[in-house]
file data.pdb (PDB, C-alpha atoms)
ATOM      1  CA  MET A   1       0.000   0.000   0.000
ATOM      2  CA  LYS A   2       1.371   3.419  -0.950
ATOM      3  CA  ALA A   3       1.932   6.111   1.587
ATOM      4  CA  LEU A   4      -0.430   9.015   2.042
ATOM      5  CA  THR A   5       0.791  12.588   1.792
ATOM      6  CA  PHE A   6       0.456  14.699   4.949
ATOM      7  CA  LYS A   7       0.614  18.380   4.021
ATOM      8  CA  GLY A   8       2.614  20.572   6.349
ATOM      9  CA  PHE A   9       4.654  17.941   8.131
ATOM     10  CA  VAL A  10       5.516  15.180   5.669
ATOM     11  CA  SER A  11       7.025  16.282   2.392
ATOM     12  CA  GLU A  12       7.408  12.927   0.713
ATOM     13  CA  ALA A  13       5.668   9.565   0.604
ATOM     14  CA  ARG A  14       6.454   6.754   3.036
ATOM     15  CA  GLU A  15       5.418   3.146   3.349
ATOM     16  CA  ILE A  16       2.554   2.219   5.702
ATOM     17  CA  SER A  17       3.337  -0.629   8.082
ATOM     18  CA  ALA A  18       1.093  -3.641   8.682
ATOM     19  CA  GLU A  19       0.280  -2.292  12.138
ATOM     20  CA  GLU A  20      -0.830   1.016  10.648
ATOM     21  CA  GLU A  21      -2.999  -0.817   8.142
ATOM     22  CA  ASP A  22      -4.715  -2.605  11.057
ATOM     23  CA  SER A  23      -5.274   0.762  12.730
ATOM     24  CA  MET A  24      -6.824   2.125   9.555
ATOM     25  CA  ARG A  25      -9.236  -0.796   9.312
ATOM     26  CA  GLN A  26     -10.363  -0.213  12.901
ATOM     27  CA  LEU A  27     -11.105   3.428  12.176
ATOM     28  CA  GLY A  28     -14.163   2.731  10.019
ATOM     29  CA  GLU A  29     -16.441   2.000  12.967
ATOM     30  CA  THR A  30     -14.967   4.817  15.029
ATOM     31  CA  ALA A  31     -15.416   7.421  12.289
ATOM     32  CA  LYS A  32     -19.071   6.431  11.939
ATOM     33  CA  LYS A  33     -19.583   6.710  15.707
ATOM     34  CA  LEU A  34     -18.027  10.170  15.816
ATOM     35  CA  GLU A  35     -20.085  11.390  12.894
ATOM     36  CA  TYR A  36     -23.276  10.006  14.438
ATOM     37  CA  LEU A  37     -22.603  11.586  17.846
ATOM     38  CA  LEU A  38     -21.913  14.946  16.236
ATOM     39  CA  LYS A  39     -25.047  14.660  14.084
ATOM     40  CA  VAL A  40     -27.375  13.972  17.014
ATOM     41  CA  GLY A  41     -25.750  16.666  19.136
ATOM     42  CA  LEU A  42     -24.252  14.550  21.901
ATOM     43  CA  ILE A  43     -20.878  16.262  21.770
ATOM     44  CA  ASP A  44     -21.542  19.565  20.030
ATOM     45  CA  GLN A  45     -21.345  21.644  23.233
ATOM     46  CA  SER A  46     -18.097  20.215  24.528
ATOM     47  CA  GLY A  47     -15.912  23.130  23.498
ATOM     48  CA  TYR A  48     -13.996  20.738  21.263
ATOM     49  CA  PHE A  49     -16.552  20.560  18.457
ATOM     50  CA  LYS A  50     -14.247  21.613  15.636
ATOM     51  CA  GLU A  51     -11.380  19.440  16.829
ATOM     52  CA  ILE A  52     -13.522  16.295  17.064
ATOM     53  CA  ARG A  53     -15.249  17.117  13.770
ATOM     54  CA  ASP A  54     -11.867  17.420  12.056
ATOM     55  CA  ILE A  55     -10.764  14.093  13.494
ATOM     56  CA  ALA A  56     -13.947  12.422  12.248
ATOM     57  CA  ALA A  57     -13.419  13.860   8.763
ATOM     58  CA  THR A  58      -9.752  12.895   8.810
ATOM     59  CA  ALA A  59     -10.583   9.358   9.915
ATOM     60  CA  THR A  60     -13.057   8.985   7.043
ATOM     61  CA  LYS A  61     -10.482  10.149   4.510
ATOM     62  CA  PHE A  62      -7.858   7.936   6.064
ATOM     63  CA  ILE A  63     -10.081   4.880   5.610
ATOM     64  CA  LYS A  64     -10.772   5.738   1.986
ATOM     65  CA  GLY A  65      -7.081   6.223   1.286
ATOM     66  CA  LEU A  66      -7.504   9.909   0.435
ATOM     67  CA  GLN A  67      -5.032  12.667   1.093
ATOM     68  CA  ILE A  68      -5.368  14.016   4.652
ATOM     69  CA  ASN A  69      -4.290  17.325   6.145
ATOM     70  CA  PRO A  70      -4.183  17.126   9.963
ATOM     71  CA  ARG A  71      -3.001  20.287  11.661
ATOM     72  CA  GLU A  72      -0.392  18.390  13.669
ATOM     73  CA  ALA A  73       1.321  15.034  13.439
ATOM     74  CA  GLU A  74      -0.123  14.115  16.844
ATOM     75  CA  ASP A  75      -3.624  14.023  15.308
ATOM     76  CA  LEU A  76      -2.719  10.807  13.535
ATOM     77  CA  GLU A  77      -1.759   9.166  16.830
ATOM     78  CA  ILE A  78      -5.014  10.333  18.424
ATOM     79  CA  ILE A  79      -7.012   8.855  15.559
ATOM     80  CA  LYS A  80      -5.237   5.522  15.920
ATOM     81  CA  LYS A  81      -5.896   5.408  19.662
ATOM     82  CA  ILE A  82      -9.560   6.284  19.266
ATOM     83  CA  GLY A  83      -9.878   3.294  16.965
ATOM     84  CA  ARG A  84      -8.843   0.968  19.771
ATOM     85  CA  SER A  85     -11.079  -0.577  22.409
ATOM     86  CA  THR A  86     -10.906   2.143  25.105
ATOM     87  CA  GLY A  87     -11.780   4.953  22.715
ATOM     88  CA  VAL A  88     -14.603   2.994  21.111
ATOM     89  CA  ALA A  89     -16.058   2.097  24.540
ATOM     90  CA  ALA A  90     -15.934   5.760  25.579
ATOM     91  CA  LEU A  91     -17.849   6.743  22.457
ATOM     92  CA  ASP A  92     -20.376   3.929  22.944
ATOM     93  CA  ALA A  93     -20.909   5.163  26.523
ATOM     94  CA  LEU A  94     -22.384   8.407  25.202
ATOM     95  CA  ASN A  95     -25.433   6.447  24.028
ATOM     96  CA  THR A  96     -26.168   4.951  27.461
ATOM     97  CA  PRO A  97     -28.911   5.900  29.957
ATOM     98  CA  GLY A  98     -26.130   7.126  32.261
ATOM     99  CA  ALA A  99     -24.962   9.699  29.721
ATOM    100  CA  GLN A 100     -28.556  10.764  29.100
ATOM    101  CA  ALA A 101     -29.085  11.201  32.851
ATOM    102  CA  LEU A 102     -26.079  13.532  33.083
ATOM    103  CA  MET A 103     -27.268  15.583  30.122
ATOM    104  CA  GLU A 104     -30.690  15.919  31.756
ATOM    105  CA  GLN A 105     -28.895  17.383  34.796
ATOM    106  CA  GLY A 106     -27.442  20.060  32.521
ATOM    107  CA  LEU A 107     -23.948  18.608  32.105
ATOM    108  CA  HIS A 108     -21.860  18.773  28.942
ATOM    109  CA  LEU A 109     -19.267  16.356  27.657
ATOM    110  CA  VAL A 110     -15.961  18.262  27.757
ATOM    111  CA  SER A 111     -13.420  15.478  27.177
ATOM    112  CA  SER A 112     -10.637  16.336  24.791
ATOM    113  CA  PRO A 113     -10.076  13.908  21.879
ATOM    114  CA  THR A 114      -6.980  12.631  23.677
ATOM    115  CA  GLN A 115      -9.010  11.899  26.809
ATOM    116  CA  ILE A 116     -11.627  10.068  24.754
ATOM    117  CA  ALA A 117      -8.861   8.074  23.101
ATOM    118  CA  ASN A 118      -7.606   7.055  26.537
ATOM    119  CA  GLY A 119     -11.118   6.170  27.684
ATOM    120  CA  THR A 120     -11.623   9.139  30.036
ATOM    121  CA  LEU A 121     -14.982  10.900  29.963
ATOM    122  CA  VAL A 122     -15.118  14.344  31.566
ATOM    123  CA  TRP A 123     -18.427  16.136  32.169
ATOM    124  CA  SER A 124     -19.052  19.655  33.444
ATOM    125  CA  ILE A 125     -21.896  22.071  34.114
ATOM    126  CA  ASP A 126     -19.775  24.622  32.227
ATOM    127  CA  PRO A 127     -19.940  24.018  28.438
ATOM    128  CA  ASN A 128     -16.774  26.124  28.059
ATOM    129  CA  TYR A 129     -14.812  24.033  30.564
ATOM    130  CA  ARG A 130     -11.041  24.137  30.323
ATOM    131  CA  PRO A 131      -8.635  22.223  32.608
ATOM    132  CA  ALA A 132      -6.830  25.435  33.564
ATOM    133  CA  ASN A 133      -9.775  26.933  35.438
ATOM    134  CA  GLY A 134     -12.651  24.466  35.240
ATOM    135  CA  TRP A 135     -14.350  21.963  37.530
ATOM    136  CA  GLY A 136     -15.962  18.725  36.421
ATOM    137  CA  LEU A 137     -16.452  14.995  36.878
ATOM    138  CA  GLY A 138     -14.035  12.494  35.367
ATOM    139  CA  PHE A 139     -14.941   8.855  34.707
ATOM    140  CA  PHE A 140     -11.909   6.535  34.627
ATOM    141  CA  PRO A 141     -12.587   2.916  33.572
ATOM    142  CA  GLY A 142      -9.016   1.790  34.260
ATOM    143  CA  ILE A 143      -9.366   2.386  38.003
ATOM    144  CA  ARG A 144     -13.187   2.099  38.053
ATOM    145  CA  ALA A 145     -13.568   5.507  39.666
ATOM    146  CA  ILE A 146     -15.140   8.954  39.454
ATOM    147  CA  ARG A 147     -12.849  11.889  40.258
ATOM    148  CA  ARG A 148     -13.520  15.542  40.934
ATOM    149  CA  MET A 149     -11.603  17.381  38.205
ATOM    150  CA  THR A 150     -10.118  20.520  39.755
ATOM    151  CA  PRO A 151      -8.546  23.570  38.060
ATOM    152  CA  LYS A 152      -4.899  23.100  37.150
ATOM    153  CA  GLY A 153      -3.963  26.776  37.141
ATOM    154  CA  VAL A 154      -6.019  28.247  39.988
ATOM    155  CA  ASP A 155      -4.847  28.712  43.578
ATOM    156  CA  LEU A 156      -7.562  26.950  45.552
ATOM    157  CA  GLY A 157      -6.351  28.213  48.906
ATOM    158  CA  VAL A 158      -4.783  24.911  49.889
ATOM    159  CA  ARG A 159      -1.331  25.577  51.319
ATOM    160  CA  TRP A 160       0.164  22.149  50.591
ATOM    161  CA  LYS A 161      -0.928  21.925  46.974
ATOM    162  CA  THR A 162      -1.734  24.210  44.076
ATOM    163  CA  GLY A 163      -3.117  23.071  40.730
ATOM    164  CA  SER A 164      -3.835  19.449  39.882
ATOM    165  CA  MET A 165      -5.649  17.806  42.789
ATOM    166  CA  ASP A 166      -8.176  15.526  41.116
ATOM    167  CA  ILE A 167      -9.883  13.784  44.029
ATOM    168  CA  LYS A 168     -11.610  10.414  44.010
ATOM    169  CA  ILE A 169     -15.332  10.724  44.756
ATOM    170  CA  LYS A 170     -16.479   7.138  44.233
ATOM    171  CA  SER A 171     -14.787   3.866  43.240
ATOM    172  CA  TRP A 172     -15.836   0.302  42.546
ATOM    173  CA  LYS A 173     -14.149  -3.088  42.413
ATOM    174  CA  ALA A 174     -13.269  -4.453  38.988
ATOM    175  CA  GLY A 175     -15.825  -7.256  39.389
ATOM    176  CA  ASP A 176     -18.680  -4.851  40.091
ATOM    177  CA  HIS A 177     -19.287  -4.286  36.372
ATOM    178  CA  SER A 178     -19.665  -6.767  33.536
ATOM    179  CA  SER A 179     -17.724  -4.577  31.085
ATOM    180  CA  VAL A 180     -16.117  -1.165  30.618
ATOM    181  CA  LEU A 181     -19.318   0.044  28.984
ATOM    182  CA  ASP A 182     -21.296  -1.180  32.009
ATOM    183  CA  PHE A 183     -18.949   0.813  34.272
ATOM    184  CA  TYR A 184     -19.518   4.009  32.306
ATOM    185  CA  ASP A 185     -23.285   3.578  32.336
ATOM    186  CA  LYS A 186     -23.619   2.698  36.038
ATOM    187  CA  ALA A 187     -21.059   5.285  37.180
ATOM    188  CA  MET A 188     -22.749   8.085  35.223
ATOM    189  CA  GLN A 189     -26.156   7.064  36.582
ATOM    190  CA  TRP A 190     -24.720   7.093  40.110
ATOM    191  CA  ALA A 191     -23.319  10.598  39.552
ATOM    192  CA  ALA A 192     -26.595  11.882  38.120
ATOM    193  CA  GLU A 193     -28.435  10.660  41.224
ATOM    194  CA  ASN A 194     -25.894  11.511  43.933
ATOM    195  CA  ILE A 195     -23.916  14.638  42.950
ATOM    196  CA  ASP A 196     -25.485  17.924  44.057
ATOM    197  CA  PHE A 197     -25.528  19.823  40.766
ATOM    198  CA  GLU A 198     -27.691  22.623  42.172
ATOM    199  CA  ASP A 199     -24.861  23.306  44.622
ATOM    200  CA  VAL A 200     -22.454  23.436  41.654
ATOM    201  CA  LYS A 201     -24.592  26.048  39.900
ATOM    202  CA  LEU A 202     -24.431  28.272  42.989
ATOM    203  CA  LYS A 203     -20.624  28.315  42.867
ATOM    204  CA  PRO A 204     -19.464  29.769  39.530
ATOM    205  CA  GLU A 205     -16.133  31.054  40.835
ATOM    206  CA  PRO A 206     -13.070  28.897  39.915
ATOM    207  CA  ARG A 207     -11.856  29.017  43.542
ATOM    208  CA  SER A 208     -15.138  27.582  44.870
ATOM    209  CA  TRP A 209     -14.987  23.868  45.668
ATOM    210  CA  LYS A 210     -17.869  21.928  44.115
ATOM    211  CA  TYR A 211     -19.173  18.619  42.728
ATOM    212  CA  TYR A 212     -19.895  17.162  46.154
ATOM    213  CA  THR A 213     -22.454  14.449  46.877
ATOM    214  CA  LYS A 214     -25.894  15.421  48.149
ATOM    215  CA  ARG A 215     -25.077  13.570  51.354
ATOM    216  CA  THR A 216     -22.134  15.913  51.938
ATOM    217  CA  THR A 217     -23.865  19.146  50.973
ATOM    218  CA  GLY A 218     -26.980  18.160  52.939
ATOM    219  CA  ARG A 219     -25.020  18.404  56.178
ATOM    220  CA  ARG A 220     -23.873  21.950  55.416
ATOM    221  CA  PRO A 221     -25.590  25.291  55.910
ATOM    222  CA  GLN A 222     -26.754  27.037  52.744
ATOM    223  CA  PHE A 223     -23.777  28.119  50.639
ATOM    224  CA  ASN A 224     -22.786  31.771  50.881
ATOM    225  CA  GLN A 225     -20.222  32.921  48.312
ATOM    226  CA  GLU A 226     -19.183  35.960  50.376
ATOM    227  CA  LEU A 227     -18.480  33.822  53.463
ATOM    228  CA  HIS A 228     -16.705  31.260  51.314
ATOM    229  CA  ASP A 229     -14.358  33.901  49.887
ATOM    230  CA  MET A 230     -13.765  35.392  53.344
ATOM    231  CA  GLN A 231     -12.844  31.961  54.723
ATOM    232  CA  LEU A 232     -10.278  31.535  51.938
ATOM    233  CA  GLN A 233      -8.752  34.879  52.986
ATOM    234  CA  VAL A 234      -8.651  33.720  56.607
ATOM    235  CA  ASP A 235      -6.944  30.457  55.660
ATOM    236  CA  ASN A 236      -4.310  32.285  53.599
ATOM    237  CA  LEU A 237      -3.618  34.810  56.359
ATOM    238  CA  LEU A 238      -3.249  32.108  59.010
ATOM    239  CA  ASN A 239      -0.907  30.162  56.728
ATOM    240  CA  MET A 240       1.248  33.277  56.336
ATOM    241  CA  ALA A 241       1.148  33.820  60.093
ATOM    242  CA  ARG A 242       2.512  30.307  60.672
ATOM    243  CA  GLU A 243       5.234  30.824  58.074
ATOM    244  CA  ARG A 244       6.353  34.099  59.674
ATOM    245  CA  ARG A 245       6.342  32.547  63.142
ATOM    246  CA  PHE A 246       8.582  29.677  62.040
ATOM    247  CA  SER A 247      10.896  32.045  60.143
ATOM    248  CA  GLY A 248      11.510  34.228  63.196
ATOM    249  CA  ASN A 249       9.215  37.184  62.463
ATOM    250  CA  PRO A 250       6.768  37.098  65.411
ATOM    251  CA  ILE A 251       5.346  40.614  64.970
ATOM    252  CA  GLU A 252       4.544  39.956  61.300
ATOM    253  CA  ALA A 253       3.027  36.635  62.327
ATOM    254  CA  TYR A 254       0.776  38.336  64.886
ATOM    255  CA  ASN A 255      -0.267  41.003  62.365
ATOM    256  CA  PHE A 256      -1.356  38.358  59.846
ATOM    257  CA  ALA A 257      -3.242  36.529  62.608
ATOM    258  CA  LEU A 258      -4.867  39.808  63.674
ATOM    259  CA  SER A 259      -6.112  40.386  60.107
ATOM    260  CA  ALA A 260      -7.458  36.840  59.960
ATOM    261  CA  TRP A 261      -9.430  37.172  63.192
ATOM    262  CA  THR A 262     -10.753  40.578  62.145
ATOM    263  CA  ILE A 263     -12.246  38.908  59.063
ATOM    264  CA  LYS A 264     -13.574  36.062  61.228
ATOM    265  CA  LYS A 265     -15.377  38.638  63.378
ATOM    266  CA  LYS A 266     -17.026  40.078  60.239
ATOM    267  CA  MET A 267     -18.070  36.566  59.252
ATOM    268  CA  GLY A 268     -19.702  36.100  62.652
ATOM    269  CA  GLU A 269     -21.554  39.378  62.209
ATOM    270  CA  ILE A 270     -22.832  38.301  58.761
ATOM    271  CA  GLU A 271     -24.043  35.014  60.253
ATOM    272  CA  ASN A 272     -25.387  36.793  63.338
ATOM    273  CA  ASP A 273     -23.490  34.252  65.441
ATOM    274  CA  ARG A 274     -22.753  35.791  68.840
ATOM    275  CA  GLU A 275     -20.430  32.970  69.876
ATOM    276  CA  LYS A 276     -18.228  33.411  66.799
ATOM    277  CA  ILE A 277     -18.149  37.180  67.326
ATOM    278  CA  ALA A 278     -17.141  36.740  70.983
ATOM    279  CA  ASP A 279     -14.401  34.223  70.093
ATOM    280  CA  ALA A 280     -13.036  36.593  67.460
ATOM    281  CA  GLU A 281     -13.079  39.589  69.808
ATOM    282  CA  ASP A 282     -11.269  37.571  72.466
ATOM    283  CA  ALA A 283      -8.613  36.452  69.967
ATOM    284  CA  ILE A 284      -8.160  40.016  68.673
ATOM    285  CA  PHE A 285      -7.718  41.349  72.217
ATOM    286  CA  ARG A 286      -5.102  38.692  73.102
ATOM    287  CA  ILE A 287      -3.178  39.174  69.825
ATOM    288  CA  LYS A 288      -3.015  42.948  70.341
ATOM    289  CA  GLN A 289      -1.693  42.380  73.872
ATOM    290  CA  ASP A 290       0.999  40.009  72.552
ATOM    291  CA  ILE A 291       2.020  42.542  69.896
ATOM    292  CA  GLU A 292       2.405  45.289  72.524
ATOM    293  CA  LYS A 293       4.509  42.986  74.750
ATOM    294  CA  LEU A 294       6.825  42.208  71.820
ATOM    295  CA  LYS A 295       7.166  45.897  70.896
ATOM    296  CA  ASN A 296       7.863  46.899  74.513
ATOM    297  CA  GLY A 297      10.391  44.097  74.862
ATOM    298  CA  ASN A 298      12.276  45.323  71.803
ATOM    299  CA  GLN A 299      12.581  48.923  73.064
TER     300      GLN A 299
END
call {"tool": "encode", "arguments": {"input": "data.pdb", "output": "structure tokens"}}
result
Amino acid sequence: MKALTFKGFVSEAREISAEEEDSMRQLGETAKKLEYLLKVGLIDQSGYFKEIRDIAATATKFIKGLQINPREAEDLEIIKKIGRSTGVAALDALNTPGAQALMEQGLHLVSSPTQIANGTLVWSIDPNYRPANGWGLGFFPGIRAIRRMTPKGVDLGVRWKTGSMDIKIKSWKAGDHSSVLDFYDKAMQWAAENIDFEDVKLKPEPRSWKYYTKRTTGRRPQFNQELHDMQLQVDNLLNMARERRFSGNPIEAYNFALSAWTIKKKMGEIENDREKIADAEDAIFRIKQDIEKLKNGNQ
């Protein structure tokens, strides 16, 4: 079989190996699946519409032996992977009741073509989801688990970690499902029934933690974005206070702590919680005393 010409990154023909021929044969079914899913609108709001559409068109041409023009050489590798079992199962999963249940909850498929090729399905309330600043749910058949997909480029106020912190929400044993497709279907149905998506909609800010189960959110008071943001400020200030204390700057440490407790007092006032206000006032009084003692001791 003669080589195909790839404009832009291959200037001359090359021979196609037997392995590549096998990959091409597998692409027929995959190309049809992609075209069908795009046609019925299952993946048109993912934010990757054009990219997936181009891959589908490229796959069709590849099968027919026509000249193809992928934007990058990596597209060819993605197409090959999608033609394998994990990618096909991921595409099949979009026709299951589980996928339909997530769409009825207002979620959008936001997996990149590479993620689909690797069998990972990512869903988000935000149709314009991007890993840098987006939150979502990831379904991983290899480990039979659902993970909370967290922003990779947003400081979430966690001192020990910034960026990628995808956290397992639910997992199953390998024997709990009859197939990979069964895992996708059952896991997506579980998420549709158990994740509090109304709570997600109330937290549009990238720094706001979300995609919790209803059992978790049901034990919490009603979400208040202002209090949430104030608590993040408190956490950051107390972290800085600890750092200054350990680095030998006690007055700076006390000043950061004083700012933190001043915010905590405001939070108590917003919540009309007398106990929190009293605790904050007591802490503020003691911190101011300690600052004066340090200043007097240094004179």
call {"tool": "resolve_selection", "arguments": {"input": "data.pdb", "expression": "the PyMOL selection byres ((chain A and resi 283-289) around 9)", "output": "list in words"}}
result
Tyr254, Asn255, Ala257, Leu258, Ser259, Trp261, Thr262, Ala278, Asp279, Ala280, Glu281, Asp282, Asp290, Ile291, Glu292, Lys293 and Leu294 of chain A
call {"tool": "atom_distance", "arguments": {"input": "data.pdb", "atom1": "CA of Val234 (chain A)", "atom2": "CA of Phe197 (chain A)"}}
result
27.0 Å
call {"tool": "resolve_selection", "arguments": {"input": "data.pdb", "expression": "the PyMOL selection byres ((chain A and resi 204-208) around 9)", "output": "ChimeraX atom specification"}}
result
/A:126,133-135,150-151,154-157,200-203,209-210,225,228-229,232
call {"tool": "closest_residue", "arguments": {"input": "data.pdb", "among": "A:Ala93, A:Leu102, A:Ala132, A:Ala260", "to": "Asn194 (chain A)", "atoms": "only C-alpha atoms"}}
result
A:Leu102
call {"tool": "atom_distance", "arguments": {"input": "data.pdb", "atom1": "CA of Leu107 (chain A)", "atom2": "CA of Met149 (chain A)"}}
result
13.8 Å
call {"tool": "resolve_selection", "arguments": {"input": "data.pdb", "expression": "the PyMOL selection byres ((chain A and resi 145) around 9)", "output": "list in words"}}
result
Gly138, Phe139, Phe140, Pro141, Gly142, Ile143, Arg144, Ile146, Arg147, Lys168, Ile169, Lys170, Ser171, Trp172, Phe183 and Ala187 of chain A
call {"tool": "write_last_selection", "arguments": {"input": "data.pdb", "atoms": "C-alpha atoms", "output": "short mmCIF file (atom, residue, chain, number, x, y, z; two decimals), keeping the file's coordinate frame"}}
result
data_model
loop_
_atom_site.label_atom_id
_atom_site.label_comp_id
_atom_site.auth_asym_id
_atom_site.auth_seq_id
_atom_site.Cartn_x
_atom_site.Cartn_y
_atom_site.Cartn_z
CA GLY A 138 -14.04 12.49 35.37
CA PHE A 139 -14.94 8.86 34.71
CA PHE A 140 -11.91 6.54 34.63
CA PRO A 141 -12.59 2.92 33.57
CA GLY A 142 -9.02 1.79 34.26
CA ILE A 143 -9.37 2.39 38.00
CA ARG A 144 -13.19 2.10 38.05
CA ILE A 146 -15.14 8.95 39.45
CA ARG A 147 -12.85 11.89 40.26
CA LYS A 168 -11.61 10.41 44.01
CA ILE A 169 -15.33 10.72 44.76
CA LYS A 170 -16.48 7.14 44.23
CA SER A 171 -14.79 3.87 43.24
CA TRP A 172 -15.84 0.30 42.55
CA PHE A 183 -18.95 0.81 34.27
CA ALA A 187 -21.06 5.28 37.18
#
call {"tool": "atom_distance", "arguments": {"input": "data.pdb", "atom1": "CA of Met230 (chain A)", "atom2": "CA of Arg245 (chain A)"}}
result
22.5 Å
call {"tool": "closest_residue", "arguments": {"input": "data.pdb", "among": "A:Ile263, A:Val180, A:Asn239, A:Glu193", "to": "Glu226 (chain A)", "atoms": "all atoms listed in the file"}}
result
A:Ile263
